Each structure stands twice: as C-alpha cells, then as structure tokens.
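The structure appears below as structure tokens.
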Amino acid sequence: MSIYYKSLMVLLWTLIRFGGNSYLMLDNEFHIKSTANATLISIISPVFKGHSSQQESEHSLQELKELLRTLNIKYKNTHIQTKKEISPATVIGKGKLLEITQEAKDNNSDLLVFDFELTASQVRNIKEVTGLSVIDRCHVILEIFAGHARTKEAKIQIEIARLEYILPRLSGFWTHFSRQKGGIGVRGGEGEQQIELDRRIVRERIEFLKRDLKTVLKTRQEQKKKRQNMAITAALVGYTNAGKSSVMNRLCKVNVLEEDKLFATLDSTFRTLNPDTRPPMILIDTVGLIQNLPAQLINGFKTTLESMLEADLLIIVCDISDPHYKKHLEVTQHILKDLKADDKNQLIVFNKKDLLNDPLMSKVIQRSHPGSFVINSFDVSDIDNLRKHIIDYFLAKQMCYDLFIPYHDGPAHSIVNSKTNIINSRPHENGIFYQIRVPEFMYQMLSLQNYELAPKDSKG
Ligand SMILES: Nc1nc2c(ncn2[C@@H]2O[C@H](COP(=O)(O)OP(=O)(O)OP(=O)(O)O)[C@@H](O)[C@H]2O)c(=O)[nH]1
Ligand SMILES: [Mg+2]
C-alpha cells in the first residue's frame with residue numbers, strides 16, 4: 001500500500017478526530033476507560049525530582065489517588081520502589097516490573113499508572129515488558145482537565161496541552177494508530193515516515209488552535225480592560241480542592257461549581273463582592289494548582305492563570321485540614337513567582353477549620369501567619385468577617401479628595417454620586433462641597449481633579 005494512500009487515510013482520520021467542534025480528540029487513544037482497574041507505581045530515589053524521599057513520594061501518591069478518584073477510576077495495588085539510580089529504559093527495574101505485572105494480572109488490573117512523567121520510549125518499553133496499558137501522572141491530569149473544560153477558551157487550551165503532550169510521544173501511540181486504521185501493515189521506514197506525517201498534522205493543528213485561541217483571548221482582553229477601569233479585583237488562588245469556589249460562593253452569594261474533586265474549576269469566574277461599594281469590588285475564582293503540574297498545562301493555562309495578574313489583591317486559599325498544607329502553600333507561592341505575581345498584596349485564608357481535630361491548631365497557624373484568616377467557609381460569621389476585611393482593605397487603599405462642583409455641572413454631580421464613595425457633602429450657594437473616597441486611578445479617569453480644592457479651600 002503506497003505511503004500516499006496511507007497519508008490520505010491519516011488525513012481522513014485527522015478530519016474525523018480533530019474536525020468539527022469536538023475538542024476531545026484522540027479519545028480512543030488518550031481516553032482512560034472509567035472501567036479500568038489501575039495499579040499505581042511510584043519510586044523513591046535521591047536522583048528523582050519530587051520523589052527524593054519516602055515522604056515526598058507518599059504525598060505525591062496520595063494525590064495521584066485523589067486524581068484517579070476524580071476520574072472515577074478504581075485502583076487495586078500500589079508499589080513504591082526504592083532505588084539509588086533509575087533505569088533509563090523503564091525507570092523502575094525490569095525485575096520489579098515483572099513482579100508487578102504478575103500481581104496486576106492476578107488481580108485483573110489492566111492499567112499501570114506511574115506517578116511521574118514517562119518519556120515516549122519509556123512508555124513503549126514498559127508496555128513491551130508488561131503487556132499492560134501504561135499511563136503517567138501528566139496523562140491523568142490532562143484527562144481531568146479535558147473532562148472539566150467548559151468554555152471555548154478552556155477547551156482550546158486543553159486540546160493544545162494534550163497535543164503538545166502527545167507530539168513527542170507519537171511513536172508510542174503509533175502502534176495503536178496503525179491498528180486503528182484497519183490493519184495497514186507498517187514496516188520499518190514506512191512507519192517512520194508515517195509518524196513524521198502524523199507529527200506534521202499535529203503541529204499544524206496546534207498552530208490552528210493557537211490562532212483560534214488568540215481570537216478568543218482578544219475578546220477577553222477587551223473585557224479585562226473594561227473591568228480594570230471600572231472595578232477593583234481580588235483573585236482567589238491556591239491548591240486544587242482548597243475551597244476557592246466555596247469561599248467565592250459564600251462571599252459573593254452566588255453559585256459557582258464547587259465539588260470534592262480536583263480541578264473542578266478551570267475557567268476564571270468573575271463575581272461582584274459588594275455591589276454597594278464604589279467602584280464595585282470583583283472576585284475572580286481561578287484554576288487550582290498542584291505540585292508537578294505538567295509544563296504543557298502551565299503553558300496552556302497561562303492566560304487563565306494570568307487573570308491573577310490583573311488582580312489588586314491575591315487571596316490565597318489553603319486547606320488547613322490537609323496535613324500537607326505547608327507544601328500546598330509552598331507550591332502556590334512557587335507558581336505565583338513563576339507567573340511573576342508574587343509581588344502582589346496577599347491575604348492568606350486558611351479554610352476548612354471545622355475539619356481540624358485539634359481546635360488549638362487554628363490559633364497556632366493563625367499566629368504563625370500574622371494577618372491571615374482561619375475560616376470554615378460554611379460558617380456565616382467567618383465569611384462575614386472575611387468579606388468585611390476585604391472591603392475595608394480596599395477602602396483603606398482609596399484616597400480622600402475634597403471637591404467643589406458648581407450646581408450647573410450636572411454630569412460631574414452624577415459621576416460623584418454613582419462612581420465614588422461620598423464621605424461628606426455640604427451644599428453652598430453656588431454648588432456642593434464633597435469629600436469623597438475613590439481609588440487614585442479612577443479619580444484620574446473620571447477627570448475629577450478639575451474640581452479639586454486646594455487644601456486651604458477645603459478648610460474654608
Ligand atoms: N468541611 C469543609 N469542607 C469545605 C470547606 N470549604 C470547602 N469545602 C469542600 O471542599 C471541596 C472543594 O471545594 P471547592 O470550592 O470546589 O474547591 P476549589 O479550591 O474551588 O477546587 P478546584 O476548583 O478543584 O481547584 C468541596 O466538597 C467543598 O464542599 C470548609 O470550610 N469545610
Ligand atoms: Mg473551584
């Protein structure tokens with residue numbers, strides 16, 4: 001069969017898979033079956049980043065279990081191999097792999113999930129040794145993101161991330177593709193040519209999606225500009241499942257999806273914190289963070305994560321009931337630094353205090369982080385205190401101005417009344433004296449400086 005015919009088949013396959021509105025491409029290849037019965041594999045090795053101690057590996061494995069629970073995937077056994085050095089071909093030793101395979105087969109487990117990133121050749125080698133399906137932590141996170149994406153922007157971003165993950169691993173997927181295409185025989189050089197062709201198609205698709213994303217982002221950019229001129233914003237950031245959406249829902253009395261699942265939120269959601277203050281205060285709910293977040297996802301979701309950059313205040317939500325809460329804070333600060341958002345004003349909110357066994361703990365933590373809040377997001381008075389604190393914080397940042405506006409200048413009176421916080425007003429023969437509070441940028445934008453009194457005038 002000629003390579004041209006095969007190219008045509010690939011093109012058709014691509015059109016079917018990538019075409020239309022479906023962003024969930026490569027489903028057969030990439031999709032993890034919910035009926036899978038997984039065996040989890042990790043490593044402890046001084047030379048392995050993120051797995052250099054027993055504590056690190058166990059914490060990461062615990063997270064992997066949560067990630068699989070989010071996907072509704074059952075797991076049977078877990079294995080952690082301690083190794084001084086890693087085997088380049090299969091990471092963990094071949095003997096250990098065979099032992100795991102036997103146990104997996106005895107337990108009807110058909111999927112090996114590795115709690116670290118595997119290269120294409122490692123996936124291929126492990127498949128060859130075990131005869132089982134093999135995926136890594138990155139693949140699991142991508143699958144969750146794909147399932148949770150709701151807006152067009154998130155769907156495009158996740159598809160780009162998936163394709164970028166697949167691109168260097170195409171040869172690992174190749175055996176499947178060839179089988180899927182109806183048993184076209186692939187030998188030696190032909191297979192290589194085919195992979196090259198697949199690579200080109202995937203690259204072109206990534207380029208197409210990036211262009212599409214640019215258009216979507218342009219609209220978002222315009223909305224952002226409008227918001228920046230009209231409101232002050234605080235972004236809720238933090239580890240996944242910390243309770244960001246729950247805090248947002250209670251603070252703003254709205255109903256954003258909150259779930260006991262990792263990465264429930266993928267899009268930045270905006271809500272008004274207090275419609276009565278001027279300018280309005282807006283809260284932004286953001287995508288959750290996790291350690292070892294795949295590079296493709298950080299890049300892909302940079303625009304979503306960057307909504308933090310437009311915020312005047314970062315509210316870092318942290319699940320205090322998680323024994324690893326310190327690590328969560330560390331990871332959050334690290335990602336904020338990567339995004340160059342670490343110089344923003346921060347307010348740390350320790351959440352889920354109701355789940356603490358020792359009530360003294362909340363006092364100890366609060367003391368070790370002066371200025372932080374310890375709350376239960378279901379507790380009305382905790383939320384009321386937090387809301388008041390955020391509003392006061394913003395009000396304190398506003399500047400006080402003394403103005404005199406003549407009666408005949410109707411529009412200026414209406415701007416003052418609708419866009420600023422009036423502390424005091426005093427009628428006069430020719431106009432009204434106002435004392436107002438407003439952020440400096442808005443004061444300039446509203447051109448109120450034309451009415452500003454010199455300090456001695458306001459005294460008079
Ligand atoms: N017990 C308790 N549970 C809480 C509290 N706040 C949130 N939760 C629960 O924690 C889970 C996660 O809450 P979310 O608000 O979805 O967390 P999130 O940080 O937005 O998570 P992602 O969007 O996945 O990053 C949900 O089941 C909430 O009901 C709290 O103060 N106490
Ligand atoms: Mg959320």
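In the structure tokens, chains take letters A, B, ... by order of appearance, with residues numbered from 1 within each chain and ligands from 1 in the order shown.
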Distance limit 10 Å, reference ligand 2, atoms considered: only C-alpha atoms and all ligand atoms. Which residues make the cut? Give them as a VMD selection string. chain A and resid 236 to 249 256 to 269 285 to 288
Mind checking which residues fall within 9 Å of range 353-359 of chain A, counting only C-alpha atoms, ignoring those fewer than 3 positions away in the same chain, and posting them as a ChimeraX atom specification? /A:319-322,350,362-363,374-377
Select from range 34-192 of chain A everything DSSP, run on the backbone, classes as strand (DSSP E), then give the selection as a list in words. Asn37, Ala38, Thr39, Leu40, Ile41, Ser42, Ile43, Ile44, Lys74, Tyr75, Lys76, Asn77, Thr78, His79, Ile80, Gln81, Thr82, Leu111, Leu112, Val113, Phe114, Ser133, Val134, Ile135 and Asp136 of chain A
Store the residues of this selection in a file with N, CA and C atoms, as an mmCIF file, in the first residue's frame.
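Contents of the output file result22.cif:
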```cif
data_model
loop_
_atom_site.group_PDB
_atom_site.id
_atom_site.type_symbol
_atom_site.label_atom_id
_atom_site.label_comp_id
_atom_site.auth_asym_id
_atom_site.auth_seq_id
_atom_site.Cartn_x
_atom_site.Cartn_y
_atom_site.Cartn_z
ATOM 1 N N ASN A 37 -9.014 -0.808 35.857
ATOM 2 C CA ASN A 37 -8.673 -1.191 37.210
ATOM 3 C C ASN A 37 -7.160 -0.971 37.341
ATOM 4 N N ALA A 38 -6.795 0.079 38.046
ATOM 5 C CA ALA A 38 -5.407 0.537 37.961
ATOM 6 C C ALA A 38 -4.493 -0.034 39.046
ATOM 7 N N THR A 39 -3.226 -0.132 38.704
ATOM 8 C CA THR A 39 -2.166 -0.428 39.668
ATOM 9 C C THR A 39 -1.244 0.789 39.667
ATOM 10 N N LEU A 40 -0.955 1.315 40.854
ATOM 11 C CA LEU A 40 -0.170 2.555 40.912
ATOM 12 C C LEU A 40 1.301 2.270 41.232
ATOM 13 N N ILE A 41 2.163 2.984 40.530
ATOM 14 C CA ILE A 41 3.597 2.732 40.702
ATOM 15 C C ILE A 41 4.340 4.042 40.962
ATOM 16 N N SER A 42 5.186 3.995 42.004
ATOM 17 C CA SER A 42 5.993 5.178 42.296
ATOM 18 C C SER A 42 7.433 4.761 42.598
ATOM 19 N N ILE A 43 8.242 5.755 42.876
ATOM 20 C CA ILE A 43 9.661 5.472 43.115
ATOM 21 C C ILE A 43 10.161 6.386 44.231
ATOM 22 N N ILE A 44 11.144 5.912 44.981
ATOM 23 C CA ILE A 44 11.857 6.809 45.899
ATOM 24 C C ILE A 44 13.307 6.741 45.463
ATOM 25 N N LYS A 74 -10.918 3.085 39.534
ATOM 26 C CA LYS A 74 -10.576 2.286 40.724
ATOM 27 C C LYS A 74 -9.114 1.875 40.656
ATOM 28 N N TYR A 75 -8.499 1.716 41.827
ATOM 29 C CA TYR A 75 -7.129 1.198 41.823
ATOM 30 C C TYR A 75 -7.030 0.083 42.843
ATOM 31 N N LYS A 76 -6.178 -0.897 42.519
ATOM 32 C CA LYS A 76 -6.050 -2.052 43.428
ATOM 33 C C LYS A 76 -4.819 -1.893 44.301
ATOM 34 N N ASN A 77 -3.657 -2.043 43.674
ATOM 35 C CA ASN A 77 -2.431 -2.067 44.466
ATOM 36 C C ASN A 77 -1.533 -0.881 44.159
ATOM 37 N N THR A 78 -0.700 -0.570 45.126
ATOM 38 C CA THR A 78 0.301 0.476 44.876
ATOM 39 C C THR A 78 1.693 -0.099 45.175
ATOM 40 N N HIS A 79 2.631 0.321 44.388
ATOM 41 C CA HIS A 79 4.007 -0.151 44.571
ATOM 42 C C HIS A 79 4.945 1.037 44.575
ATOM 43 N N ILE A 80 5.835 1.072 45.543
ATOM 44 C CA ILE A 80 6.877 2.101 45.535
ATOM 45 C C ILE A 80 8.223 1.389 45.545
ATOM 46 N N GLN A 81 9.029 1.630 44.546
ATOM 47 C CA GLN A 81 10.357 1.003 44.552
ATOM 48 C C GLN A 81 11.403 2.024 45.011
ATOM 49 N N THR A 82 12.243 1.586 45.953
ATOM 50 C CA THR A 82 13.336 2.459 46.392
ATOM 51 C C THR A 82 14.577 2.099 45.584
ATOM 52 N N LEU A 111 -4.268 -1.684 33.970
ATOM 53 C CA LEU A 111 -3.695 -0.370 33.689
ATOM 54 C C LEU A 111 -2.619 -0.036 34.729
ATOM 55 N N LEU A 112 -1.435 0.309 34.241
ATOM 56 C CA LEU A 112 -0.379 0.743 35.156
ATOM 57 C C LEU A 112 -0.307 2.265 35.116
ATOM 58 N N VAL A 113 -0.421 2.888 36.281
ATOM 59 C CA VAL A 113 -0.347 4.359 36.338
ATOM 60 C C VAL A 113 0.918 4.755 37.094
ATOM 61 N N PHE A 114 1.810 5.432 36.403
ATOM 62 C CA PHE A 114 3.071 5.852 37.018
ATOM 63 C C PHE A 114 2.922 7.262 37.564
ATOM 64 N N SER A 133 -1.626 -1.701 29.670
ATOM 65 C CA SER A 133 -1.707 -0.285 29.296
ATOM 66 C C SER A 133 -0.903 0.524 30.305
ATOM 67 N N VAL A 134 -0.248 1.577 29.794
ATOM 68 C CA VAL A 134 0.647 2.359 30.657
ATOM 69 C C VAL A 134 0.348 3.850 30.488
ATOM 70 N N ILE A 135 0.119 4.533 31.592
ATOM 71 C CA ILE A 135 -0.029 5.996 31.522
ATOM 72 C C ILE A 135 0.756 6.633 32.673
ATOM 73 N N ASP A 136 0.951 7.963 32.594
ATOM 74 C CA ASP A 136 1.670 8.639 33.674
ATOM 75 C C ASP A 136 0.790 9.718 34.320
#
```
Need to verify the contact set: His328 in chain A, 8 Å, only C-alpha atoms, exclusion of same-chain residues closer than 4 positions in sequence. Can you return it as a PyMOL selection string? chain A and resi 238-239+290-291+318+324+332
Write out as a short mmCIF file (atom, residue, chain, number, x, y, z; two decimals) with C-alpha atoms, in the first residue's frame each polymer residue whose atoms come within 6 Å of range 415-420 of chain A, counting only C-alpha atoms; drop sequence neighbours fewer than 5 positions from it.
```
data_model
loop_
_atom_site.label_atom_id
_atom_site.label_comp_id
_atom_site.auth_asym_id
_atom_site.auth_seq_id
_atom_site.Cartn_x
_atom_site.Cartn_y
_atom_site.Cartn_z
CA ARG A 278 -17.74 52.21 44.50
CA PRO A 279 -16.12 51.16 42.32
CA VAL A 438 -12.02 56.66 45.42
#
```
Env of Glu153 in chain A: 8 Å cut, atoms = only C-alpha atoms, seq-sep filter 4 positions within chain, self excluded. Answer as a list in words. Gln157, Leu213, Val216 and Leu217 of chain A
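Minimum atom-to-atom distance to ligand 1, evaluated using only C-alpha atoms and all ligand atoms, belongs to A:Glu66 out of A:Glu66, A:Glu103, A:Glu58, A:Asp409.
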Using DSSP secondary structure from the backbone, list all helix (DSSP H, G or I) positions within range 311-441 of chain A, as a PyMOL selection string. chain A and resi 325-338+353-355+360-368+380-397+410-419+440-441
